[in-house]
Number of protein chains: 2
Amino acid sequence: MTANPIFRIAEGAATGRCATCGIREKAVCAYCSPPELLRLEGIKSYKDYEPGEEIAAAGEESAFVGSIVHGVVSLSKTMVDGRRQMVGLLFPSDFIGRPFRPSAPFDAVAVTNVRVCRFRRNRFEALCADSNNLERRFLEMTLDELDASREWMLLLGRKSAREKLASFLVILARRAAGIREEPLDNGVTVELPLTREQMSEYLGLTIETVSRQFSKLKREGVIALNSAREVAILDFARLLDASGDESDGDALY
Amino acid sequence: MTANPIFRIAEGAATGRCATCGIREKAVCAYCSPPELLRLEGIKSYKDYEPGEEIAAAGEESAFVGSIVHGVVSLSKTMVDGRRQMVGLLFPSDFIGRPFRPSAPFDAVAVTNVRVCRFRRNRFEALCADSNNLERRFLEMTLDELDASREWMLLLGRKSAREKLASFLVILARRAAGIREEPLDNGVTVELPLTREQMSEYLGLTIETVSRQFSKLKREGVIALNSAREVAILDFARLLDASGDESDGDALY
DNA sequence: CATGTCATTTGACCGAGATCAAAGCCCGGC
DNA sequence: GCCGGGCTTTGATCTCGGTCAAATGACATG
């Protein structure tokens with residue numbers, strides 16, 4: 001029943017052997033055999049980032065790709081006049097970087113303290129060619145990302161501000177519950193990895209609208225705010241209803 | 001200078017040999033060696049669809065994946081109350097279907113007359129495991145789709161109605177010009193594959209707003225409407241400007 | 001404890017785009 | 001040529017979310 005910093009799992013771990021790495025089961029290396037893992041181990045390096053630190057800039061060459069070991073990374077695109085849209089939010093075990101291209105078309109910024117397990121892009125590409133397991137896992141992860149980003153298109157194009165915020169909270173609550181293997185009961189507390197401004201960039205809203213929708217859900221007794229960054233889900237059923245998504249989706253995902 | 005039905009290239013071709021197939025260079029089979037192509041040829045079959053015909057339904061099992069030979073296919077998601085968002089528009093050589101899962105989370109519908117070069121999903125998956133070339137090309141195409149869908153998230157989340165429509169027209173004009181290998185001059189005529197309603201679903205707008213923005217661009221002399229479905233680009237520079245995208249982007253893509 | 005900074009909340013107002021409604025237009029069938 | 005149905009356009013009005021502005025709160029520093 002305490003705050004749940006889902007984006008900090010594996011903290012402290014994963015400075016050394018892949019075998020004991022906290023994201024081993026879900027990351028791009030998940031399907032690798034012991035010898036393949038050894039090769040990966042030979043070319044990996046860790047790098048840490050502070051909140052707000054830029055990991056890669058849109059259009060600028062980046063020699064690295066990798067896996068997020070802990071922390072949260074945002075992918076976003078900014079228009080010339082400053083309008084910004086977050087196009088992805090990466091959590092531990094998610095892949096970061098753009099193989100087969102010199103640069104990614106989006107900015108990657110550390111939202112929290114972040115540790116990335118990095119590979120030189122060309123080494124990674126070469127390994128993909130050699131290792132069916134690595135390439136296969138990467139393909140599956142990319143397909144899942146594509147599905148998720150299309151799902152987000154529905155949110156951005158058609159959902160109301162209320163539905164957007166509720167959807168976001170549902171996703172965070174599910175992720176928290178999923179990792180902690182708890183049933184999705186009322187009273188779950190979720191720590192928000194993002195500021196109101198970052199949420200507004202993710203949801204295609206303004207900061208004021210996000211804040212107002214928080215207040216409204218609070219007034220209605222659907223959630224409670226322990227602090228600005230810590231939400232208690234008081235009534236998950238109503239939150240789900242507010243999200244505009246039909247099923248509770250426990251069948252899939 | 002005549003209408004340009006980009007979505008009908010390869011019409012008539014591709015009922016037979018892969019070697020002479022119109023989408024051979026760009027489709028998922030692009031990197032396949034002659035023997036691999038032979039294997040593909042052994043398991044492929046063609047299927048045609050009428051405009052409006054459903055190719056696959058969200059969440060329902062589909063035994064097939066494949067490549068679009070000609071025509072345009074929409075991917076979309078519908079909410080319980082009927083709100084609908086298009087999450088992808090597939091053109092010839094694009095891949096359709098969801099390998100490694102029994103079903104896709106989106107509806108696929110033929111927008112025009114469509115021919116698909118199909119493979120049984122499990123055969124395709126098996127071939128991916130055997131053929132590095134096939135899997136590699138599929139991975140690259142999926143990564144490109146992911147980039148494109150994130151680009152679309154910026155449009156849905158942050159662009160004005162005017163910018164949305166202009167962006168869409170720029171993409172169509174580029175695609176038309178690219179395939180015809182002509183410079184992007186003023187006076188290019190683009191045939192719209194979508195009705196106003198379908199465009200509104202793609203752009204996250206209403207049909208009325210789309211129509212109004214067409215009228216406005218016309219009034220301003222940026223475009224002309226030969227018919228409701230055929231647009232002449234009179235001033236590409238101003239159209240680009242109206243799209244809210246900085247560069248003319250001819251460097252990339 | 002006073003002060004400054006930064007994130008968040010709340011209020012007042014406005015406007016882009018949605019909604020509701022009514023023509024207009026295109027085309028195919030009779 | 002006339003009729004009918006489906007797109008598309010245009011108009012009038014409303015509303016949700018954006019904009020501008022100010023107050024409140026949370027902390028860290030001197």
# chains A, B, ... in the order shown; residues from 1 in each chain; ligands from 1
$ residues_around --residues "Ala129 of chain B" --least-positions-apart "5" --cutoff "12 Å" --atoms "only C-alpha atoms (C1' of nucleotides)" --output "number ranges by chain"
A: 131-137, 139; B: 99-100, 122-124, 134-136, 138
$ closest_atom_pairs --of "chain A" --to "chain B" --cutoff "9 Å" --atoms "only C-alpha atoms" --output "CSV"
residue,atom,partner,partner_atom,distance
A:Ser76,CA,B:Leu154,CA,8.6
A:Lys77,CA,B:Leu154,CA,7.0
A:Thr78,CA,B:Leu154,CA,8.4
A:Met79,CA,B:Asp245,CA,7.3
A:Val80,CA,B:Glu246,CA,6.7
A:Asp81,CA,B:Gly244,CA,9.0
A:Arg83,CA,B:Arg158,CA,6.8
A:Arg84,CA,B:Arg158,CA,7.2
A:Gln85,CA,B:Leu154,CA,5.5
A:Met86,CA,B:Leu154,CA,7.8
A:Val87,CA,B:Arg150,CA,5.5
A:Gly88,CA,B:Arg150,CA,7.9
A:Arg98,CA,B:Leu143,CA,8.1
A:Pro99,CA,B:Leu143,CA,8.7
A:Phe100,CA,B:Glu140,CA,7.5
A:Ala104,CA,B:Asp147,CA,8.5
A:Pro105,CA,B:Asp147,CA,7.4
A:Phe106,CA,B:Asp147,CA,8.8
A:Cys128,CA,B:Arg136,CA,8.9
A:Ala129,CA,B:Asn132,CA,7.3
A:Asn132,CA,B:Ala129,CA,7.3
A:Glu135,CA,B:Arg136,CA,8.1
A:Arg136,CA,B:Glu135,CA,8.1
A:Phe138,CA,B:Leu139,CA,8.3
A:Leu139,CA,B:Leu139,CA,5.7
A:Glu140,CA,B:Phe100,CA,7.5
A:Thr142,CA,B:Leu143,CA,6.7
A:Leu143,CA,B:Thr142,CA,6.7
A:Glu145,CA,B:Leu146,CA,7.3
A:Leu146,CA,B:Leu146,CA,5.2
A:Asp147,CA,B:Pro105,CA,7.4
A:Ser149,CA,B:Arg150,CA,6.7
A:Arg150,CA,B:Val87,CA,5.5
A:Glu151,CA,B:Val87,CA,7.9
A:Trp152,CA,B:Met153,CA,7.6
A:Met153,CA,B:Met153,CA,5.7
A:Leu154,CA,B:Gln85,CA,5.5
A:Leu155,CA,B:Gln85,CA,8.8
A:Leu156,CA,B:Gly157,CA,5.3
A:Gly157,CA,B:Gly204,CA,4.5
A:Arg158,CA,B:Gly204,CA,6.3
A:Lys159,CA,B:Arg83,CA,8.7
A:Glu201,CA,B:Gly157,CA,8.6
A:Tyr202,CA,B:Gly157,CA,8.6
A:Leu203,CA,B:Gly157,CA,7.4
A:Gly204,CA,B:Gly157,CA,4.5
A:Leu205,CA,B:Gly157,CA,7.8
A:Gly244,CA,B:Met79,CA,7.5
A:Asp245,CA,B:Met79,CA,7.3
A:Glu246,CA,B:Val80,CA,6.6
$ write_last_selection --atoms "N, CA and C atoms" --output "compact mmCIF listing (two decimals), in the first residue's frame"
# COMPACT_ATOMS: atom_id res chain seq x y z
N SER A 76 10.44 12.49 -27.45
CA SER A 76 9.53 13.56 -27.83
C SER A 76 10.01 14.30 -29.06
N LYS A 77 9.09 15.03 -29.63
CA LYS A 77 9.38 15.81 -30.82
C LYS A 77 8.92 17.24 -30.57
N THR A 78 9.72 18.18 -30.97
CA THR A 78 9.39 19.59 -30.73
C THR A 78 9.24 20.32 -32.05
N MET A 79 8.19 21.13 -32.16
CA MET A 79 8.00 21.93 -33.37
C MET A 79 8.80 23.24 -33.25
N VAL A 80 9.01 23.89 -34.37
CA VAL A 80 9.85 25.10 -34.36
C VAL A 80 9.34 26.15 -33.37
N ASP A 81 8.03 26.26 -33.21
CA ASP A 81 7.49 27.28 -32.32
C ASP A 81 7.43 26.80 -30.87
N ARG A 83 5.97 23.99 -29.56
CA ARG A 83 5.00 22.96 -29.20
C ARG A 83 5.71 21.61 -29.14
N ARG A 84 5.40 20.83 -28.13
CA ARG A 84 6.11 19.58 -27.96
C ARG A 84 5.14 18.44 -27.71
N GLN A 85 5.44 17.30 -28.29
CA GLN A 85 4.62 16.11 -28.06
C GLN A 85 5.52 14.96 -27.67
N MET A 86 5.22 14.35 -26.55
CA MET A 86 5.92 13.13 -26.18
C MET A 86 5.35 12.01 -27.03
N VAL A 87 6.22 11.18 -27.59
CA VAL A 87 5.75 10.11 -28.47
C VAL A 87 6.05 8.73 -27.90
N GLY A 88 6.65 8.71 -26.73
CA GLY A 88 6.91 7.44 -26.09
C GLY A 88 7.49 7.65 -24.72
N ARG A 98 18.01 3.80 -32.32
CA ARG A 98 17.46 3.49 -33.63
C ARG A 98 18.49 2.73 -34.47
N PRO A 99 18.48 1.40 -34.40
CA PRO A 99 19.38 0.62 -35.25
C PRO A 99 19.08 0.85 -36.74
N PHE A 100 20.08 0.64 -37.56
CA PHE A 100 19.95 0.74 -39.02
C PHE A 100 19.75 2.17 -39.52
N ALA A 104 18.04 8.93 -34.56
CA ALA A 104 16.61 8.77 -34.37
C ALA A 104 15.93 10.12 -34.64
N PRO A 105 14.68 10.09 -35.08
CA PRO A 105 13.98 11.35 -35.37
C PRO A 105 13.36 12.00 -34.13
N PHE A 106 13.73 11.53 -32.91
CA PHE A 106 13.11 12.07 -31.70
C PHE A 106 14.15 12.32 -30.62
N CYS A 128 22.91 -8.61 -34.34
CA CYS A 128 21.57 -8.94 -34.84
C CYS A 128 21.68 -9.88 -36.03
N ALA A 129 22.63 -9.57 -36.91
CA ALA A 129 22.81 -10.39 -38.10
C ALA A 129 23.27 -11.80 -37.72
N ASN A 132 20.00 -14.95 -34.27
CA ASN A 132 18.57 -14.96 -34.51
C ASN A 132 17.79 -14.55 -33.27
N GLU A 135 17.88 -10.71 -32.72
CA GLU A 135 17.06 -10.00 -33.71
C GLU A 135 15.58 -10.30 -33.50
N ARG A 136 15.26 -11.53 -33.18
CA ARG A 136 13.87 -11.90 -32.99
C ARG A 136 13.24 -11.14 -31.82
N PHE A 138 14.23 -8.35 -30.59
CA PHE A 138 14.15 -6.94 -30.96
C PHE A 138 12.95 -6.69 -31.87
N LEU A 139 12.72 -7.59 -32.80
CA LEU A 139 11.57 -7.47 -33.68
C LEU A 139 10.27 -7.51 -32.89
N GLU A 140 10.17 -8.44 -31.97
CA GLU A 140 8.94 -8.54 -31.17
C GLU A 140 8.71 -7.27 -30.35
N THR A 142 9.77 -4.32 -31.04
CA THR A 142 9.42 -3.22 -31.94
C THR A 142 7.96 -3.31 -32.38
N LEU A 143 7.49 -4.53 -32.64
CA LEU A 143 6.09 -4.71 -32.99
C LEU A 143 5.18 -4.29 -31.84
N GLU A 145 5.91 -2.08 -29.52
CA GLU A 145 5.98 -0.61 -29.45
C GLU A 145 5.06 0.02 -30.49
N LEU A 146 5.05 -0.59 -31.68
CA LEU A 146 4.20 -0.07 -32.74
C LEU A 146 2.73 -0.17 -32.35
N ASP A 147 2.33 -1.30 -31.80
CA ASP A 147 0.95 -1.44 -31.33
C ASP A 147 0.64 -0.39 -30.27
N SER A 149 2.05 2.49 -29.76
CA SER A 149 2.04 3.87 -30.25
C SER A 149 0.76 4.13 -31.04
N ARG A 150 0.24 3.09 -31.68
CA ARG A 150 -1.04 3.26 -32.39
C ARG A 150 -2.19 3.40 -31.40
N GLU A 151 -2.10 2.66 -30.33
CA GLU A 151 -3.09 2.81 -29.26
C GLU A 151 -3.09 4.26 -28.76
N TRP A 152 -1.89 4.81 -28.63
CA TRP A 152 -1.76 6.19 -28.15
C TRP A 152 -2.33 7.18 -29.15
N MET A 153 -2.28 6.83 -30.44
CA MET A 153 -2.87 7.69 -31.46
C MET A 153 -4.37 7.84 -31.23
N LEU A 154 -5.01 6.77 -30.81
CA LEU A 154 -6.44 6.85 -30.49
C LEU A 154 -6.67 7.83 -29.35
N LEU A 155 -5.84 7.72 -28.33
CA LEU A 155 -5.95 8.63 -27.19
C LEU A 155 -5.77 10.08 -27.64
N LEU A 156 -4.73 10.33 -28.42
CA LEU A 156 -4.43 11.70 -28.82
C LEU A 156 -5.48 12.27 -29.76
N GLY A 157 -6.00 11.43 -30.65
CA GLY A 157 -6.91 11.93 -31.68
C GLY A 157 -8.35 12.03 -31.23
N ARG A 158 -8.75 11.18 -30.29
CA ARG A 158 -10.18 11.07 -30.02
C ARG A 158 -10.62 11.20 -28.57
N LYS A 159 -9.70 11.08 -27.62
CA LYS A 159 -10.16 11.08 -26.24
C LYS A 159 -10.23 12.49 -25.65
N GLU A 201 2.60 17.06 -21.95
CA GLU A 201 3.27 16.79 -23.23
C GLU A 201 2.97 15.39 -23.74
N TYR A 202 2.80 14.48 -22.81
CA TYR A 202 2.50 13.10 -23.20
C TYR A 202 1.06 12.98 -23.68
N LEU A 203 0.15 13.70 -23.02
CA LEU A 203 -1.27 13.52 -23.29
C LEU A 203 -1.82 14.49 -24.34
N GLY A 204 -0.98 15.37 -24.85
CA GLY A 204 -1.47 16.33 -25.83
C GLY A 204 -2.42 17.34 -25.22
N LEU A 205 -2.10 17.83 -24.01
CA LEU A 205 -2.92 18.80 -23.31
C LEU A 205 -2.03 19.94 -22.82
N GLY A 244 -12.50 5.56 -20.91
CA GLY A 244 -13.11 5.35 -22.22
C GLY A 244 -12.76 4.02 -22.85
N ASP A 245 -11.97 3.20 -22.16
CA ASP A 245 -11.64 1.88 -22.69
C ASP A 245 -12.64 0.87 -22.18
N GLU A 246 -13.12 0.07 -23.10
CA GLU A 246 -14.18 -0.87 -22.77
C GLU A 246 -13.78 -1.91 -21.73
$ atom_distance --atom1 "atom CA of Val69 of chain A" --atom2 "atom CA of Ser167 of chain A"
25.4 Å
$ closest_atom_pairs --of "chain C" --to "chain B" --cutoff "12 Å" --atoms "only C-alpha atoms (C1' of nucleotides)" --output "CSV"
residue,atom,partner,partner_atom,distance
C:DA16,C1',B:Ser160,CA,8.3
C:DG17,C1',B:Thr209,CA,7.0
C:DA18,C1',B:Thr206,CA,7.3
C:DT19,C1',B:Thr206,CA,9.8
C:DC20,C1',B:Glu208,CA,11.5
C:DC25,C1',B:Ala228,CA,10.1
C:DC26,C1',B:Ala228,CA,9.8
$ select_by_dssp --residues "segment 35-75 of chain A" --states "strand (DSSP E)" --output "list in words"
Ser45, Tyr46, Lys47, Asp48, Tyr49, Glu54, Ile55, Ala56, Phe64, Val65, Gly66, Ser67, Ile68, Val69, His70, Val73, Ser74 and Leu75 of chain A
